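Q: Have a look at this one before I ask anything.
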Amino acid sequence: MKRALLLAALLMLAGCGDDDTTPTDGSVDAALDADLDADLDADLDAGAEADMNVDLGPPPITYSGAISLLETKVLNPGTSGTFYGQGLRASIRFVTSTNVPAPTLEELPGSPLGCKAWEYTAEQALAATVGQDEGIVLLGASGGATPPRMPACVYTAGLGYDCPEVDTAGFGGTLARGAASGTATLTDLDQTFTDAGSHGRYVRIRGATHAANDGEFPIVALADAHTLIYANAAVLAETLPTAASHVNVAGLGAIPGVADPGFLADDNALAFTLTPSGAGHFPLFTASTSPGGVGDDFTVDLPTRRLLNAMPFNGTPITLGCDTGSCGGGSATGTVVDVVTTDAPTDGLSPFAMPLPTTERIEIRCVALAESHVTIPAAYSALLMAAGITRIQTTLVRPALMGGGVANVSSSAGHALVGFTNAW
């Protein structure tokens with residue numbers, strides 16, 4: 001059984017804005033003559049202004065972080081309600097209070113519960129997404145029949161944290177269309193690929209001659225020890241330049257065709273360990289799941305499955321949640337709904353791509369303790385009526401909080417379901 005832990009550490013929250021204090025003017029005794037009255041008023045005003053304008057310097061910068069590992073299912077685009085696949089999604093971010101704006105809307109100010117909304121500029125969205133380097137993060141798993149193995153997660157400038165299989169890194173190779181529809185192959189005779197370093201991973205290719213060949217693509221199989229089969233319907237055959245690089249990466253999300261139980265079982269135990277370096281704003285710590293394991297797998301009701309791929313743009317309340325009997329007591333700490341928008345062009349991109357915004361990103365996050373459903377109020381969903389939105393990513397999460405870490409870094413693990421809405 002998972003304890004209903006305090007949700008204050010569930011997700012990294014934006015900082016609060018400064019209070020605006022306006023001084024009140026006093027009056028001078030009417031018995032004073034006019035000259036004295038004027039002089040005294042001037043002196044008092046000057047003194048008050050000096051007192052109010054004391055330069056206290058900029059507010060102190062605070063540091064916070066969030067680490068999660070979620071078994072994430074992704075719905076196919078459209079209204080079919082079918083699944084593309086599932087896989088592990090690792091998210092690691094360390095930010096400063098200067099990276100994250102204050103909430104535009106806040107249902108329960110000062111509480112991690114309820115709904116909050118943020119509006120990011122393009123610069124803020126980039127800073128918050130990339131975060132900063134605070135050291136190496138290990139995501140260790142144990143318990144259950146087959147606990148997943150994760151390589152060390154490291155920070156790359158301009159990219160943020162991810163978890164590369166360093167032994168798979170190589171240069172050059174050849175790309176070709178795969179035998180199955182929508183697949184491609186990467187062959188590197190100088191590299192030996194193994195199932196352990198390829199199963200459930202993506203391959204990242206950089207420096208290809210054709211832009212369609214660059215990116216992160218889910219690996220679906222090994223053809224042999226030197227050839228990966230991965231999903232990229234737009235692949236163009238080429239011999240990669242000698243400077244072009246490739247590496248397998250864990251924790252980037254869903255793998256097509258993978259069904260339950262996926263990679264993370266309900267009874268797996270997880271431990272997240274930060275070994276500090278880089279900016280050095282956090283000490284060495286380890287956060288661990290309780291004996292009950294991670295937030296359990298779940299199913300959603302039919303209205304939720306439809307809404308995840310078709311979020312409304314009319315400002316009406318939106319309720320998302322579990323199927324009857326799926327999210328019983330003790331199965332997770334609570335329910336989280338996270339809605340993120342982009343206004344960047346998505347034509348020609350993967351239906352699951354969420355490029356950084358060109359102008360503004362809107363994020364709506366609603367958190368409920370020990371509830372199976374969450375409702376986004378009308379005032380919050382009305383933000384989705386903003387002009388220019390091209391795609392919305394909606395994620396429903398059933399997490400378990402992890403204990404033993406530090407107060408300003410939240411750690412959680414569980415299951416999630418993701419859908420994408422295109423604004424045509």
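Going by the structure tokens order, chains are called A, B, ..., each with residues numbered from 1, while ligands are numbered from 1 in the order shown.
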Might you pull out every residue within 10 Å of Asn314 in chain A, with only C-alpha atoms counted and same-chain residues fewer than 6 positions away left off, and present them as a PyMOL selection string?

A: chain A and resi 378+381-385

Q: Would you mind exporting the chosen residues as a short mmCIF file (atom, residue, chain, number, x, y, z; two decimals), in the first residue's frame, restricted to N, CA and C atoms?

A:
data_model
loop_
_atom_site.label_atom_id
_atom_site.label_comp_id
_atom_site.auth_asym_id
_atom_site.auth_seq_id
_atom_site.Cartn_x
_atom_site.Cartn_y
_atom_site.Cartn_z
N ALA A 378 -13.21 25.96 -16.28
CA ALA A 378 -13.41 26.70 -17.52
C ALA A 378 -12.40 27.83 -17.69
N SER A 381 -9.23 26.15 -19.03
CA SER A 381 -9.34 25.63 -20.39
C SER A 381 -9.53 26.75 -21.40
N ALA A 382 -10.03 27.90 -20.95
CA ALA A 382 -10.19 29.04 -21.86
C ALA A 382 -8.85 29.52 -22.40
N LEU A 383 -7.76 29.23 -21.70
CA LEU A 383 -6.44 29.60 -22.21
C LEU A 383 -6.11 28.88 -23.50
N LEU A 384 -6.76 27.73 -23.73
CA LEU A 384 -6.52 26.97 -24.96
C LEU A 384 -7.18 27.62 -26.17
N MET A 385 -7.95 28.68 -25.95
CA MET A 385 -8.55 29.42 -27.05
C MET A 385 -7.59 30.44 -27.63
#

Q: Hey, which bits of range 137-254 of chain A sit within 12 Å of range 60-77 of chain A, and for each residue what's the closest pair of atoms and how far apart in Å (one decimal), counting only C-alpha atoms, rows by chain and increasing number, as a tab-separated table?

A:
residue	atom	partner	partner_atom	distance
A:Val137	CA	A:Ile67	CA	9.1
A:Leu138	CA	A:Ile67	CA	10.5
A:Leu139	CA	A:Leu69	CA	8.1
A:Gly140	CA	A:Leu69	CA	10.3
A:Ala141	CA	A:Leu69	CA	10.4
A:Pro148	CA	A:Glu71	CA	10.6
A:Arg149	CA	A:Leu69	CA	11.9
A:Met150	CA	A:Leu69	CA	10.2
A:Cys153	CA	A:Ile67	CA	11.0
A:Tyr161	CA	A:Ile67	CA	10.4
A:Asp162	CA	A:Ile67	CA	11.5
A:Cys163	CA	A:Leu69	CA	11.7
A:Gly200	CA	A:Glu71	CA	11.2
A:Ala250	CA	A:Leu69	CA	11.0
A:Gly251	CA	A:Leu69	CA	7.9
A:Leu252	CA	A:Thr72	CA	9.8
A:Gly253	CA	A:Thr72	CA	6.5
A:Ala254	CA	A:Thr72	CA	6.3

Q: Neighbours of Phe94 in chain A within 12 Å (only C-alpha atoms; same-chain residues fewer than 2 positions away dropped), as number ranges by chain?

A: A: 11-13, 62-67, 91-92, 96-100, 127-137, 155, 160-161, 274, 276, 278-282, 408-411

Q: Using only C-alpha atoms, which of the listed residues (A:Leu356, A:Leu222, A:Cys366, A:Ala145) sits closest to Ala344 in chain A?

A: A:Leu356

Q: Just checking: using only C-alpha atoms, which residue out of A:Ala353, A:Ile205, A:Leu159, A:Val300 ends up closest to Val340 in chain A?

A: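 Checking each of A:Ala353, A:Ile205, A:Leu159, A:Val300 against Val340 in chain A, counting only C-alpha atoms, the winner is A:Ala353.
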
Q: Looking only at the backbone, which of the residues in range 157-270 of chain A does DSSP tag as strand (DSSP E or B), as a PyMOL selection string?

A: chain A and resi 160-171+174-177+183-187+201-206+215-224+227-231+238-239+245-250+252+255-256+269-270

Q: Considering only C-alpha atoms, can you say which of A:Gly178, A:Pro303, A:Pro317, A:Gly262 comes closest to Thr79 in chain A?

A: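 Nearest candidate to Thr79 in chain A out of A:Gly178, A:Pro303, A:Pro317, A:Gly262: A:Pro303.
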
Q: Pick out the residues sitting within 6 Å of Asp301 in chain A, and hand them over as an MDAnalysis selection string; count only C-alpha atoms, and ignore anything fewer than 2 positions along from it in its own chain.

A: chainID A and resid 303:304 322:323

Q: Go ahead and compute the interatomic distance for CA of Val249 in chain A and CA of Leu417 in chain A, in Å to one decimal.

A: 21.1 Å

Q: Select from range 65-144 of chain A everything DSSP, run on the backbone, classes as alpha helix (DSSP H), then give the selection as an MDAnalysis selection string.

A: chainID A and resid 122:130

Q: Would you please work out which residue, of A:Gly403, A:Gly414, A:Gly110, A:Pro218, is nearest to Asn232 in chain A when using only C-alpha atoms?

A: A:Pro218

Q: So, with only C-alpha atoms as the atoms that count, which of A:Thr242, A:Pro112, A:Met402, A:Glu119 lies closest to Ala269 in chain A?

A: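 The closest residue to Ala269 in chain A is A:Met402.
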
Q: Point out the residue among A:Ser350, A:Pro58, A:Ala259, A:His415 with the least atom-to-atom distance to Leu88 in chain A, counting only C-alpha atoms.

A: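 For Leu88 in chain A, the nearest of the given residues is A:His415.
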
Q: Could you jot down the CA of Val247 in chain A to CA of Arg204 in chain A separation for me, Å, one decimal place?

A: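 We find that CA of Val247 in chain A and CA of Arg204 in chain A lie 5.4 Å from each other.
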